[in-house]
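What follows is the content of start20.cif, which has mmCIF, C-alpha atoms and all ligand atoms:
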data_coords
loop_
_atom_site.label_atom_id
_atom_site.label_comp_id
_atom_site.auth_asym_id
_atom_site.auth_seq_id
_atom_site.Cartn_x
_atom_site.Cartn_y
_atom_site.Cartn_z
CA MET O 1 0.00 0.00 0.00
CA GLU O 2 2.81 2.40 0.97
CA ASN O 3 4.45 1.84 -2.41
CA GLN O 4 1.29 2.77 -4.32
CA SER O 5 1.18 6.22 -5.92
CA PHE O 6 -1.50 8.66 -4.86
CA MET O 7 -3.25 8.08 -8.21
CA GLN O 8 -3.29 4.29 -7.74
CA ARG O 9 -4.87 4.66 -4.29
CA LEU O 10 -7.46 7.12 -5.60
CA LEU O 11 -8.42 4.79 -8.45
CA SER O 12 -8.80 1.85 -6.07
CA VAL O 13 -11.42 3.80 -4.08
CA PHE O 14 -13.57 4.24 -7.18
CA ARG O 15 -13.04 0.64 -8.29
CA SER O 16 -14.26 -0.75 -4.99
CA GLY O 17 -17.78 0.69 -5.57
CA PRO O 18 -20.24 1.97 -3.00
CA THR O 19 -20.62 0.14 0.31
CA ASP O 20 -24.01 -0.75 1.79
CA LYS O 21 -23.61 2.25 4.09
CA ASP O 22 -23.02 4.52 1.07
CA ILE O 23 -26.10 3.14 -0.66
CA ALA O 24 -28.23 3.71 2.45
CA ALA O 25 -27.00 7.30 2.73
CA GLN O 26 -27.75 7.94 -0.96
CA LEU O 27 -31.27 6.53 -0.68
CA ARG O 28 -31.90 8.68 2.41
CA LYS O 29 -30.66 11.81 0.62
CA PRO O 30 -29.13 11.48 -2.86
CA SER O 31 -26.10 13.74 -3.01
CA GLY O 32 -22.85 14.44 -4.81
CA LYS O 33 -21.62 12.65 -7.91
CA MET O 34 -23.79 9.56 -7.40
CA ALA O 35 -27.07 11.43 -6.92
CA LEU O 36 -28.40 11.37 -10.49
CA GLN O 37 -27.41 7.76 -11.02
CA VAL O 38 -29.18 6.81 -7.78
CA ALA O 39 -32.30 8.70 -8.88
CA ASN O 40 -32.37 6.88 -12.23
CA LYS O 41 -32.03 3.53 -10.45
CA MET O 42 -34.91 4.44 -8.12
CA ASN O 43 -37.03 5.41 -11.13
CA GLU O 44 -36.46 1.95 -12.60
CA SER O 45 -37.17 -0.01 -9.44
CA ASN O 46 -40.07 2.07 -8.12
CA ALA O 47 -42.15 2.75 -11.24
CA GLY O 48 -44.57 -0.09 -10.42
CA LEU O 49 -45.09 1.17 -6.89
CA TYR O 50 -45.87 4.67 -8.18
CA ASN O 51 -48.51 3.31 -10.56
CA PHE O 52 -49.99 1.26 -7.74
CA VAL O 53 -50.24 4.19 -5.33
CA LEU O 54 -51.56 6.69 -7.87
CA ASP O 55 -54.21 4.18 -8.97
CA HIS O 56 -55.44 3.94 -5.36
CA MET O 57 -55.51 7.67 -4.70
CA ASP O 58 -58.51 8.40 -6.91
CA ILE O 59 -57.30 11.84 -8.01
CA LEU O 60 -60.13 14.14 -9.07
CA ASN O 61 -60.25 17.19 -11.36
CA SER O 62 -58.85 20.38 -9.78
CA GLN O 63 -57.43 18.65 -6.72
CA VAL O 64 -54.19 19.72 -5.04
CA ILE O 65 -51.73 16.85 -4.65
CA MET O 66 -48.42 16.92 -2.79
CA GLU O 67 -45.60 14.40 -3.12
CA ILE O 68 -43.04 14.26 -0.31
CA GLY O 69 -39.64 12.91 -1.33
CA CYS O 70 -40.27 13.23 -5.06
CA ALA O 71 -36.51 12.86 -5.79
CA ASN O 72 -35.92 13.78 -9.47
CA GLY O 73 -39.65 14.29 -10.00
CA LYS O 74 -39.78 11.70 -12.74
CA PHE O 75 -43.33 10.60 -11.87
CA LEU O 76 -44.94 13.98 -11.19
CA GLU O 77 -46.36 14.02 -14.71
CA LYS O 78 -48.30 10.85 -13.90
CA ILE O 79 -50.27 12.83 -11.31
CA HIS O 80 -51.28 15.43 -13.88
CA ALA O 81 -52.33 12.64 -16.23
CA LYS O 82 -54.88 11.35 -13.69
CA ALA O 83 -57.34 14.27 -13.94
CA ARG O 84 -57.83 17.78 -15.31
CA ASP O 85 -56.44 20.98 -13.73
CA VAL O 86 -54.61 19.20 -10.96
CA GLN O 87 -52.19 21.35 -8.97
CA VAL O 88 -49.11 19.36 -8.00
CA TYR O 89 -46.49 20.18 -5.37
CA GLY O 90 -43.25 18.20 -5.13
CA LEU O 91 -41.01 18.42 -2.06
CA ASP O 92 -37.52 17.02 -1.55
CA TYR O 93 -34.72 18.02 0.82
CA SER O 94 -31.88 17.00 -1.50
CA PRO O 95 -30.55 20.02 -3.46
CA GLU O 96 -29.38 17.67 -6.24
CA MET O 97 -32.88 16.16 -6.56
CA PHE O 98 -34.54 19.56 -6.43
CA ALA O 99 -32.34 20.80 -9.31
CA GLU O 100 -32.93 17.68 -11.38
CA ALA O 101 -36.70 17.74 -10.75
CA LYS O 102 -36.77 21.32 -12.03
CA ARG O 103 -34.80 20.32 -15.11
CA LEU O 104 -37.00 17.32 -15.93
CA ASN O 105 -40.27 19.20 -15.33
CA ARG O 106 -39.35 22.56 -16.87
CA GLN O 107 -42.33 22.67 -19.25
CA LYS O 108 -44.89 21.95 -16.56
CA LEU O 109 -43.25 24.45 -14.19
CA ASP O 110 -43.42 27.19 -16.83
CA ALA O 111 -46.99 26.33 -17.74
CA GLY O 112 -48.18 26.40 -14.11
CA GLY O 113 -49.83 23.51 -12.31
CA LEU O 114 -46.57 22.43 -10.68
CA GLY O 115 -44.61 23.82 -7.74
CA LEU O 116 -41.30 22.33 -6.61
CA TYR O 117 -39.82 22.97 -3.19
CA LEU O 118 -36.50 22.26 -1.53
CA GLY O 119 -37.31 21.35 2.06
CA SER O 120 -38.20 18.72 4.59
CA SER O 121 -41.56 17.27 5.52
CA GLU O 122 -40.87 18.44 9.10
CA ALA O 123 -41.36 22.02 7.87
CA ILE O 124 -43.43 21.96 4.69
CA PRO O 125 -43.18 25.28 2.84
CA LEU O 126 -46.90 25.42 2.02
CA ALA O 127 -49.86 27.27 3.55
CA SER O 128 -52.18 25.40 5.91
CA GLY O 129 -55.28 23.58 4.69
CA ILE O 130 -54.66 23.66 0.93
CA VAL O 131 -53.80 20.04 -0.04
CA ASP O 132 -56.41 17.40 -0.93
CA GLN O 133 -54.07 14.43 -0.96
CA ALA O 134 -50.46 14.00 0.12
CA PHE O 135 -48.33 10.96 -0.58
CA CYS O 136 -44.83 9.61 -0.26
CA ILE O 137 -43.13 6.51 -1.58
CA ASN O 138 -40.08 4.95 0.11
CA VAL O 139 -39.62 7.93 2.41
CA VAL O 140 -41.04 7.16 5.87
CA TYR O 141 -38.15 4.73 6.61
CA PHE O 142 -36.04 7.82 7.28
CA TRP O 143 -38.37 9.63 9.69
CA GLU O 144 -36.71 9.70 13.11
CA ALA O 145 -39.87 11.01 14.78
CA PRO O 146 -42.97 10.41 12.60
CA VAL O 147 -44.97 12.79 14.81
CA ASP O 148 -43.00 15.80 13.48
CA HIS O 149 -43.81 14.91 9.86
CA LEU O 150 -47.42 13.87 10.48
CA ARG O 151 -48.09 17.16 12.27
CA GLU O 152 -46.97 19.09 9.19
CA ILE O 153 -48.85 16.87 6.75
CA HIS O 154 -51.95 17.28 8.91
CA ARG O 155 -51.48 21.06 8.84
CA VAL O 156 -51.27 21.39 5.03
CA LEU O 157 -54.16 18.99 4.32
CA LYS O 158 -57.71 20.26 3.88
CA PRO O 159 -60.30 18.95 6.35
CA GLY O 160 -60.90 15.32 5.40
CA GLY O 161 -57.72 15.34 3.27
CA ARG O 162 -55.90 12.06 2.77
CA PHE O 163 -52.34 10.90 3.30
CA TYR O 164 -50.83 7.86 1.55
CA ALA O 165 -47.48 6.26 2.30
CA ALA O 166 -46.01 3.32 0.40
CA VAL O 167 -43.12 1.23 1.67
CA ARG O 168 -41.45 -2.13 1.20
CA THR O 169 -42.49 -4.58 3.92
CA PRO O 170 -40.22 -5.33 6.92
CA GLU O 171 -39.65 -8.82 5.43
CA THR O 172 -38.41 -7.33 2.16
CA LEU O 173 -36.33 -4.58 3.80
CA GLY O 174 -34.75 -7.17 6.11
CA LYS O 175 -33.29 -8.95 3.08
CA MET O 176 -31.76 -5.78 1.61
CA PRO O 177 -28.27 -5.47 3.16
CA PHE O 178 -28.12 -1.64 3.08
CA THR O 179 -31.30 -1.22 5.18
CA ARG O 180 -29.38 -1.99 8.38
CA TYR O 181 -27.99 1.54 8.08
CA GLY O 182 -30.80 3.74 9.36
CA PHE O 183 -33.96 2.31 7.77
CA LYS O 184 -37.00 1.95 10.06
CA SER O 185 -39.55 -0.65 9.03
CA TYR O 186 -43.15 -0.96 10.16
CA GLU O 187 -46.02 -3.35 9.54
CA PRO O 188 -49.31 -1.67 8.54
CA GLU O 189 -50.75 -2.24 12.06
CA GLN O 190 -47.86 -0.26 13.52
CA TRP O 191 -48.60 2.64 11.18
CA LYS O 192 -52.26 2.44 12.22
CA LYS O 193 -51.22 3.13 15.84
CA VAL O 194 -48.84 5.92 14.86
CA VAL O 195 -51.23 7.83 12.59
CA GLU O 196 -54.19 7.38 14.95
CA ALA O 197 -52.11 8.92 17.75
CA ASN O 198 -51.61 11.94 15.45
CA ASN O 199 -55.10 13.05 14.45
CA PHE O 200 -55.58 10.79 11.45
CA ARG O 201 -57.93 7.85 10.94
CA PHE O 202 -56.23 4.82 9.35
CA THR O 203 -58.70 3.85 6.62
CA ASN O 204 -57.00 1.32 4.38
CA SER O 205 -53.91 -0.66 3.50
CA TRP O 206 -53.20 -2.46 0.23
CA ALA O 207 -50.50 -5.05 -0.45
CA PHE O 208 -48.45 -4.99 -3.65
CA THR O 209 -46.12 -7.72 -4.89
CA GLU O 210 -43.65 -7.48 -7.76
CA PRO O 211 -41.30 -10.12 -9.21
CA ASP O 212 -38.31 -11.00 -6.97
CA LEU O 213 -35.26 -8.75 -7.24
CA GLU O 214 -31.75 -10.19 -7.31
CA ILE O 215 -29.18 -8.43 -5.09
CA LYS O 216 -25.67 -9.93 -4.85
CA GLY O 217 -26.99 -13.29 -6.04
CA GLU O 218 -29.83 -13.44 -3.50
CA LYS O 219 -33.47 -13.33 -4.59
CA ILE O 220 -35.37 -10.70 -2.63
CA PRO O 221 -39.18 -10.91 -2.46
CA MET O 222 -40.49 -7.50 -3.55
CA LYS O 223 -43.44 -6.96 -1.24
CA SER O 224 -44.78 -3.51 -0.51
CA TYR O 225 -47.88 -1.93 0.91
CA CYS O 226 -49.55 1.44 0.80
CA PHE O 227 -51.70 2.77 3.62
CA GLU O 228 -54.31 5.50 3.57
CA ALA O 229 -55.04 7.85 6.46
CA VAL O 230 -57.68 10.57 6.62
CA LYS O 231 -57.19 13.87 8.44
CA LEU O 232 -59.54 14.16 11.43
C1 LIG T 301 -35.47 6.39 -1.19
S1 LIG T 301 -35.73 7.88 -2.02
C2 LIG T 301 -37.32 7.58 -2.79
C3 LIG T 301 -37.57 8.44 -3.99
C4 LIG T 301 -38.90 8.19 -4.69
N1 LIG T 301 -40.00 8.57 -3.86
C5 LIG T 301 -39.00 6.74 -5.08
O1 LIG T 301 -39.71 5.97 -4.40
O2 LIG T 301 -38.38 6.35 -6.09
C6 LIG T 301 -36.14 9.03 -0.75
C7 LIG T 301 -36.29 10.46 -1.28
O3 LIG T 301 -36.95 11.23 -0.30
C8 LIG T 301 -36.18 12.36 0.05
N2 LIG T 301 -36.47 12.60 1.48
C9 LIG T 301 -36.21 11.75 2.51
N3 LIG T 301 -36.67 12.26 3.66
C10 LIG T 301 -37.23 13.46 3.35
C11 LIG T 301 -37.88 14.47 4.10
N4 LIG T 301 -38.02 14.35 5.42
N5 LIG T 301 -38.34 15.56 3.48
C12 LIG T 301 -38.17 15.70 2.13
N6 LIG T 301 -37.57 14.79 1.35
C13 LIG T 301 -37.10 13.67 1.95
C14 LIG T 301 -34.75 12.01 -0.30
O4 LIG T 301 -33.96 13.15 -0.58
C15 LIG T 301 -34.95 11.12 -1.53
O5 LIG T 301 -35.01 11.88 -2.72
#
What is this structure when it is put down as C-alpha cells?
Amino acid sequence: MENQSFMQRLLSVFRSGPTDKDIAAQLRKPSGKMALQVANKMNESNAGLYNFVLDHMDILNSQVIMEIGCANGKFLEKIHAKARDVQVYGLDYSPEMFAEAKRLNRQKLDAGGLGLYLGSSEAIPLASGIVDQAFCINVVYFWEAPVDHLREIHRVLKPGGRFYAAVRTPETLGKMPFTRYGFKSYEPEQWKKVVEANNFRFTNSWAFTEPDLEIKGEKIPMKSYCFEAVKL
C-alpha cells in the first residue's frame, strides 16, 4: 500500500464501488456525484409502486396533490395525467434532486400547475389547509420522529384530506443489506397506531407484490404496501 502512488490509491477507491452504508446514505438523501445515477435507479425499481399508489388515490379534477420525497420528480407528470387541472407540489430536501426535478419538469413548471420545493416534511413550505391528498413513496423509513412529519402533513391537508405512504415490507427490507444503516420498518398495524395517535384515521392498506429482485446473487421478495389515512 505504501508503495502505491496517490493516483493508484485514488483509483482503487472508485473501483471498490459503494458500500451498503453509502447506498443507504444515498437513498436517504441522494447527493454528490452519485445522486443522479441513484435517482435513475430508483425510477427503474419504483415505477410499479408509483402506478400502484396513484391508482389507489382516486385523483379528481382540480385537486391539489403533494408528493413528499419526489426525488428527481420523474413521476410527477403521472399525477397530472390522472385528472384535469390538478395542482401538483413536489417536495424534496436533496438540493441535487430539487435541481434535477426542475430540469426534468421545466415545461410543466413554466406552464403552471406544478410547484417544486427544496425542504423537509418536518417544515413543509406550504400554507395550511390547501392540499387534498399528500403521498410519499419509500420515504417514511427515514423519519426519526414520525410525529413531526405527520403534524406538518396534517397542517397542510384540507379537512378530510388524505395521506398515503407506500413502503417495502419489513420482510423485504430485512433482506436488503443496506437497510441496516438507518432504515425503520413498520407493519401496517404499527402505522395504524402511529397515525391514529396523530389526528388521522387509518382507513385502508393495500398489499403490492412485484417479481423478486436479485441483489448480490440473492433473490429478494419485492413486497410492498400502501396505507391511507384521513385527516380528522
Ligand atoms: C429512497 S428515495 C425515494 C424516492 C422516490 N419517492 C421513489 O420511491 O423512487 C427518498 C427520497 O426522499 C427524500 N427525502 C427523505 N426524507 C425526506 C424528508 N423528510 N423531506 C423531504 N424529502 C425527503 C430524499 O432526498 C430522496 O429523494
Could you build a table of the residues in chain O lying no more than 8 Å from ligand LIG 301 (chain T), giving for each the nearest pair of atoms and their separation in Å rounded to one decimal place, using all atoms listed in the file, ordered by chain and ascending residue number, as CSV?
residue,atom,partner,partner_atom,distance
O:Gln26,CA,T:LIG301,C1,7.9
O:Leu27,CA,T:LIG301,C1,4.2
O:Arg28,CA,T:LIG301,C14,5.2
O:Lys29,CA,T:LIG301,O4,3.8
O:Pro30,CA,T:LIG301,O4,5.6
O:Ala39,CA,T:LIG301,O2,7.1
O:Met42,CA,T:LIG301,O2,4.5
O:Asn43,CA,T:LIG301,O2,5.3
O:Ser45,CA,T:LIG301,O2,7.3
O:Asn46,CA,T:LIG301,O2,5.0
O:Ala47,CA,T:LIG301,O2,7.3
O:Leu49,CA,T:LIG301,O1,7.6
O:Tyr50,CA,T:LIG301,O1,7.3
O:Ile68,CA,T:LIG301,C12,5.6
O:Gly69,CA,T:LIG301,O3,3.3
O:Cys70,CA,T:LIG301,N1,4.8
O:Ala71,CA,T:LIG301,O5,3.6
O:Asn72,CA,T:LIG301,O5,7.1
O:Leu91,CA,T:LIG301,C12,5.7
O:Asp92,CA,T:LIG301,N6,3.7
O:Tyr93,CA,T:LIG301,N6,4.3
O:Ser94,CA,T:LIG301,O4,4.5
O:Met97,CA,T:LIG301,O5,6.1
O:Leu118,CA,T:LIG301,C12,7.7
O:Gly119,CA,T:LIG301,C12,5.7
O:Ser120,CA,T:LIG301,N5,3.4
O:Ser121,CA,T:LIG301,N5,4.2
O:Glu122,CA,T:LIG301,N4,6.2
O:Cys136,CA,T:LIG301,N1,6.1
O:Ile137,CA,T:LIG301,N1,4.4
O:Asn138,CA,T:LIG301,O1,4.6
O:Val139,CA,T:LIG301,C6,4.8
O:Val140,CA,T:LIG301,N3,7.1
O:Phe142,CA,T:LIG301,N3,5.8
O:Trp143,CA,T:LIG301,N4,6.4
O:His149,CA,T:LIG301,N4,7.3
* Asked: By how many Å are CA of Thr169 in chain O and CA of Glu152 in chain O apart?
  -> 24.7 Å
* Counting only C-alpha atoms, what is within 7 Å of Asp20 in chain O, bar same-chain residues fewer than 2 positions away, as a ChimeraX atom specification? -> /O:18,22-24,177-178
* Asked: Separation of CA of Trp191 in chain O and CA of Leu60 in chain O, in Å?
  ->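 Pair CA of Trp191 in chain O / CA of Leu60 in chain O returns 26.0 Å.
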* Within 8 Å of file point (-55.3, 8.8, -14.0), counting all atoms listed in the file, expressed as a list in words -> Leu54, Asp55, Asp58, Ile59, Lys78, Ile79, His80, Ala81, Lys82 and Ala83 of chain O
* To do: Would you kindly return, as a PyMOL selection string, each protein, DNA or RNA residue with an atom no farther than 10 Å from any atom of Val167 in chain O, considering all atoms listed in the file and excluding same-chain residues fewer than 4 positions away?
  => chain O and resi 49+136-141+172-173+185-188+207-208+223-227
* **For CA of His56 in chain O and CA of Glu77 in chain O, the interatomic separation in Å (one decimal)** =>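 Separation of CA of His56 in chain O and CA of Glu77 in chain O: 16.5 Å.
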* To do: Extract, using only C-alpha atoms, all DNA, RNA and protein residues at most 8 Å from Asn204 in chain O, discarding same-chain residues fewer than 2 positions from it, and format them as a list in words.
  => Phe202, Trp206, Phe227, Glu228 and Ala229 of chain O
* Which residues, written as a PyMOL selection string, have at least one atom at most 8 Å from His154 in chain O, with only C-alpha atoms counted and residues fewer than 5 positions away on the same chain left out? -> chain O and resi 199-200+231
* **Residue nearest Leu232 in chain O among O:Val147, O:Leu157, O:Ala127, O:Val88 (counting only C-alpha atoms)** => O:Leu157
* Asked: Of the candidates O:Gln107, O:Thr179, O:Ser31, O:Thr203, which one gets nearest to Pro95 in chain O if we count only C-alpha atoms?
  ->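 Among the listed residues, the smallest separation from Pro95 in chain O belongs to O:Ser31.
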